[in-house]
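Visitor: My file is protein_17.cif. It has mmCIF, C-alpha atoms:
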data_data
#
loop_
_atom_site.group_PDB
_atom_site.id
_atom_site.type_symbol
_atom_site.label_atom_id
_atom_site.label_comp_id
_atom_site.auth_asym_id
_atom_site.auth_seq_id
_atom_site.Cartn_x
_atom_site.Cartn_y
_atom_site.Cartn_z
ATOM 1 C CA MET A 1 25.857 43.553 100.568
ATOM 2 C CA THR A 2 27.438 45.771 97.910
ATOM 3 C CA VAL A 3 31.095 45.234 97.020
ATOM 4 C CA TRP A 4 32.863 48.574 96.680
ATOM 5 C CA ARG A 5 36.284 49.309 95.255
ATOM 6 C CA PRO A 6 37.981 52.700 95.051
ATOM 7 C CA PRO A 7 38.032 54.102 91.513
ATOM 8 C CA ALA A 8 41.363 54.510 89.737
ATOM 9 C CA GLU A 9 41.174 58.293 89.913
ATOM 10 C CA ILE A 10 41.511 61.060 92.461
ATOM 11 C CA ARG A 11 38.151 61.873 94.062
ATOM 12 C CA VAL A 12 37.294 65.150 95.792
ATOM 13 C CA LYS A 13 34.952 64.732 98.769
ATOM 14 C CA ALA A 14 33.317 66.992 101.323
ATOM 15 C CA LEU A 15 32.744 65.415 104.741
ATOM 16 C CA GLY A 16 31.037 66.771 107.844
ATOM 17 C CA LEU A 17 32.216 66.531 111.436
ATOM 18 C CA PRO A 18 29.059 66.739 113.606
ATOM 19 C CA ARG A 19 30.000 66.567 117.254
ATOM 20 C CA ARG A 20 28.014 65.664 120.359
ATOM 21 C CA GLY A 21 30.240 66.076 123.417
ATOM 22 C CA ASP A 22 33.265 63.872 122.724
ATOM 23 C CA SER A 23 31.413 61.838 120.081
ATOM 24 C CA LEU A 24 31.544 62.163 116.306
ATOM 25 C CA LEU A 25 28.799 61.094 113.891
ATOM 26 C CA VAL A 26 30.348 58.568 111.485
ATOM 27 C CA ALA A 27 29.378 55.948 108.914
ATOM 28 C CA GLU A 28 30.466 52.337 109.261
ATOM 29 C CA ILE A 29 32.885 50.853 106.703
ATOM 30 C CA HIS A 30 32.776 47.096 106.154
ATOM 31 C CA ALA A 31 35.054 44.591 104.446
ATOM 32 C CA ASP A 32 33.656 42.260 101.795
ATOM 33 C CA ASP A 33 33.038 39.607 104.462
ATOM 34 C CA GLY A 34 30.814 42.006 106.438
ATOM 35 C CA ARG A 35 33.394 42.659 109.168
ATOM 36 C CA LEU A 36 33.477 46.253 110.482
ATOM 37 C CA THR A 37 36.873 47.675 109.536
ATOM 38 C CA GLY A 38 36.379 51.294 110.461
ATOM 39 C CA VAL A 39 34.274 54.422 110.400
ATOM 40 C CA ARG A 40 34.478 57.726 108.559
ATOM 41 C CA PRO A 41 32.715 61.071 108.605
ATOM 42 C CA LEU A 42 29.577 61.383 106.480
ATOM 43 C CA GLY A 43 29.444 63.311 103.227
ATOM 44 C CA GLY A 44 30.239 62.616 99.620
ATOM 45 C CA SER A 45 31.722 63.623 96.299
ATOM 46 C CA VAL A 46 32.044 67.176 95.092
ATOM 47 C CA ALA A 47 30.586 67.583 91.597
ATOM 48 C CA PHE A 48 32.413 69.517 88.885
ATOM 49 C CA GLY A 49 31.698 73.229 89.359
ATOM 50 C CA GLU A 50 30.321 72.726 92.887
ATOM 51 C CA ARG A 51 31.920 74.279 95.952
ATOM 52 C CA ALA A 52 32.940 71.764 98.612
ATOM 53 C CA GLU A 53 30.749 73.460 101.250
ATOM 54 C CA ASP A 54 27.715 73.280 98.943
ATOM 55 C CA ALA A 55 28.425 69.594 98.221
ATOM 56 C CA LEU A 56 28.549 68.873 101.952
ATOM 57 C CA ILE A 57 25.187 70.545 102.583
ATOM 58 C CA ARG A 58 23.668 68.741 99.569
ATOM 59 C CA GLU A 59 24.976 65.329 100.686
ATOM 60 C CA PHE A 60 23.512 65.667 104.190
ATOM 61 C CA GLU A 61 20.175 66.765 102.725
ATOM 62 C CA GLU A 62 20.086 63.917 100.175
ATOM 63 C CA GLU A 63 21.207 61.123 102.472
ATOM 64 C CA LEU A 64 19.888 62.177 105.882
ATOM 65 C CA GLY A 65 17.162 64.681 105.046
ATOM 66 C CA VAL A 66 18.761 67.266 107.322
ATOM 67 C CA THR A 67 20.256 70.703 106.745
ATOM 68 C CA VAL A 68 23.571 71.142 108.525
ATOM 69 C CA THR A 69 25.123 74.443 109.528
ATOM 70 C CA VAL A 70 28.776 74.784 108.558
ATOM 71 C CA LEU A 71 30.661 76.152 111.580
ATOM 72 C CA GLY A 72 33.996 77.003 110.001
ATOM 73 C CA GLY A 73 36.463 76.438 107.225
ATOM 74 C CA PRO A 74 37.613 72.980 106.252
ATOM 75 C CA ARG A 75 40.646 70.923 107.086
ATOM 76 C CA VAL A 76 42.002 69.641 103.778
ATOM 77 C CA VAL A 77 43.489 66.147 103.820
ATOM 78 C CA GLU A 78 44.969 64.048 101.051
ATOM 79 C CA ASN A 79 43.960 60.455 101.721
ATOM 80 C CA ILE A 80 45.733 57.620 99.921
ATOM 81 C CA PHE A 81 44.433 54.325 101.255
ATOM 82 C CA LEU A 82 44.108 50.599 100.567
ATOM 83 C CA HIS A 83 40.678 48.924 100.535
ATOM 84 C CA GLU A 84 40.440 45.189 99.808
ATOM 85 C CA GLY A 85 43.792 45.326 98.003
ATOM 86 C CA GLN A 86 42.956 48.307 95.788
ATOM 87 C CA VAL A 87 44.472 51.775 96.194
ATOM 88 C CA GLY A 88 42.170 54.756 96.595
ATOM 89 C CA HIS A 89 43.103 58.429 96.417
ATOM 90 C CA GLU A 90 40.955 61.274 97.753
ATOM 91 C CA VAL A 91 41.263 64.937 98.574
ATOM 92 C CA LEU A 92 38.968 65.544 101.532
ATOM 93 C CA PHE A 93 37.422 68.799 102.726
ATOM 94 C CA LEU A 94 36.450 68.136 106.375
ATOM 95 C CA PHE A 95 34.041 70.734 107.752
ATOM 96 C CA PRO A 96 32.889 71.227 111.352
ATOM 97 C CA VAL A 97 29.093 71.186 111.195
ATOM 98 C CA ALA A 98 26.119 71.422 113.531
ATOM 99 C CA LEU A 99 22.954 69.391 113.193
ATOM 100 C CA PRO A 100 19.596 71.061 113.842
ATOM 101 C CA PRO A 101 18.690 71.234 117.559
ATOM 102 C CA GLY A 102 17.046 68.037 118.777
ATOM 103 C CA TRP A 103 18.066 66.015 115.762
ATOM 104 C CA PHE A 104 19.237 62.570 116.899
ATOM 105 C CA ASP A 105 18.192 63.089 120.507
ATOM 106 C CA GLY A 106 18.282 59.651 122.111
ATOM 107 C CA GLN A 107 19.322 57.971 118.860
ATOM 108 C CA GLU A 108 22.768 56.358 118.824
ATOM 109 C CA ARG A 109 22.634 54.755 115.355
ATOM 110 C CA PHE A 110 20.435 54.777 112.294
ATOM 111 C CA VAL A 111 20.293 53.510 108.725
ATOM 112 C CA PHE A 112 20.560 55.858 105.740
ATOM 113 C CA HIS A 113 20.906 55.240 102.005
ATOM 114 C CA GLU A 114 23.568 56.324 99.526
ATOM 115 C CA ASP A 115 22.449 57.838 96.211
ATOM 116 C CA CYS A 116 22.780 54.397 94.597
ATOM 117 C CA GLY A 117 20.405 52.899 97.185
ATOM 118 C CA THR A 118 23.023 51.108 99.296
ATOM 119 C CA ALA A 119 22.012 50.960 102.960
ATOM 120 C CA CYS A 120 24.596 52.327 105.397
ATOM 121 C CA VAL A 121 24.768 52.634 109.175
ATOM 122 C CA ALA A 122 25.684 55.890 110.889
ATOM 123 C CA ARG A 123 26.347 56.148 114.606
ATOM 124 C CA TRP A 124 27.834 58.322 117.276
ATOM 125 C CA CYS A 125 31.306 57.141 118.310
ATOM 126 C CA ASP A 126 33.273 58.430 121.266
ATOM 127 C CA LEU A 127 36.566 59.701 119.865
ATOM 128 C CA ASP A 128 38.571 57.873 122.546
ATOM 129 C CA GLY A 129 37.033 54.529 121.467
ATOM 130 C CA LEU A 130 38.434 54.846 117.942
ATOM 131 C CA ASP A 131 41.882 53.741 116.723
ATOM 132 C CA VAL A 132 42.341 51.524 119.790
ATOM 133 C CA PRO A 133 42.641 47.728 120.082
ATOM 134 C CA GLY A 134 39.167 46.227 119.726
ATOM 135 C CA GLY A 135 37.700 49.472 118.401
ATOM 136 C CA PRO A 136 37.170 50.540 114.804
ATOM 137 C CA GLU A 137 39.673 52.728 112.978
ATOM 138 C CA LEU A 138 38.705 56.301 112.148
ATOM 139 C CA PHE A 139 39.342 57.069 108.492
ATOM 140 C CA PRO A 140 41.173 58.942 107.149
ATOM 141 C CA ALA A 141 44.238 57.969 109.142
ATOM 142 C CA GLY A 142 45.365 60.733 111.491
ATOM 143 C CA LEU A 143 41.931 62.345 111.833
ATOM 144 C CA LYS A 144 41.493 61.254 115.446
ATOM 145 C CA ALA A 145 44.719 62.954 116.565
ATOM 146 C CA SER A 146 43.826 66.108 114.659
ATOM 147 C CA LEU A 147 40.332 66.272 116.167
ATOM 148 C CA ARG A 148 41.562 65.442 119.679
ATOM 149 C CA ALA A 149 44.115 68.275 119.519
ATOM 150 C CA ALA A 150 41.487 70.739 118.271
ATOM 151 C CA TRP A 151 38.850 69.641 120.794
ATOM 152 C CA ASP A 152 41.303 69.735 123.700
ATOM 153 C CA ALA A 153 42.374 73.260 122.724
ATOM 154 C CA GLU A 154 38.798 74.605 122.929
ATOM 155 C CA PRO A 155 37.962 76.814 125.901
#
Turn this file's structure into structure tokens for me.
Guide:
Amino acid sequence: MTVWRPPAEIRVKALGLPRRGDSLLVAEIHADDGRLTGVRPLGGSVAFGERAEDALIREFEEELGVTVTVLGGPRVVENIFLHEGQVGHEVLFLFPVALPPGWFDGQERFVFHEDCGTACVARWCDLDGLDVPGGPELFPAGLKASLRAAWDAEP
């Protein structure tokens, strides 16, 4: 298991919000002891001079080997959080995306690898099963309410 700590700097990240019905594709986040503490959308850091949308497409291609279609503009969220006692600070560009047709059919979870080689687990999570007692938290805080409001407002 790799021990991760947030860097002492503001990071800019582009994350995707692939949806399947009322489920969101997310990556598991674990504490140092291996306990699941939460989940977050997949994506990664925006490089200097790179547009957030381009970074999102690149991250999905690098980590999952799939080209996503960006469906709209991003929600921008400032995320200041605590992980294992250390403060992290991110500016997140959260894009609605579509996966290619048939991708993940019948697959609820899978393993992928970060650029550094760290193995991670991604899975589909029903939005209503997140941020509830006994269920994992959805990071960043407040994302579930924002997505629920947007999804409920759709025709």
Visitor: Provide the CA of Glu9 in chain A to CA of Phe93 in chain A distance in Å, to one decimal place.
Guide: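 Here the two named atoms are 17.0 Å from each other.
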Visitor: Can you work out the spacing between CA of Leu64 in chain A and CA of Gly43 in chain A in Å, to one decimal?
Guide: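 About the pair CA of Leu64 in chain A and CA of Gly43 in chain A: they are 10.0 Å apart.
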Visitor: Could you write out as JSON, numbers by chain the residues that the PyMOL selection byres ((chain A and resi 38) around 8) matches in the shown file?
Guide: {"A": [28, 29, 30, 36, 37, 39, 40, 136, 137, 138, 139]}
Visitor: In Å to one decimal, how far is CA of Gly88 in chain A from CA of Asp32 in chain A?
Guide: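 That distance, rounded to one decimal, is 16.0 Å.
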Visitor: Ranking A:Leu24, A:Val97, A:Val91, A:Val3 by minimum distance to Asp128 in chain A and counting only C-alpha atoms, which one comes first?
Guide: A:Leu24
Visitor: To test your reading of the syntax: which residues would the PyMOL selection byres ((chain A and resi 68) around 9) return for the file shown? Reply as a PyMOL selection string.
Guide: chain A and resi 16+18+56-57+60-61+66-67+69-70+97-100
Visitor: Taking the file as I've supplied it (selection: the PyMOL selection byres ((chain A and resi 113) around 12)), which residues are included? Please answer as a ChimeraX atom specification.
Guide: /A:27,42-43,59-65,110-112,114-122
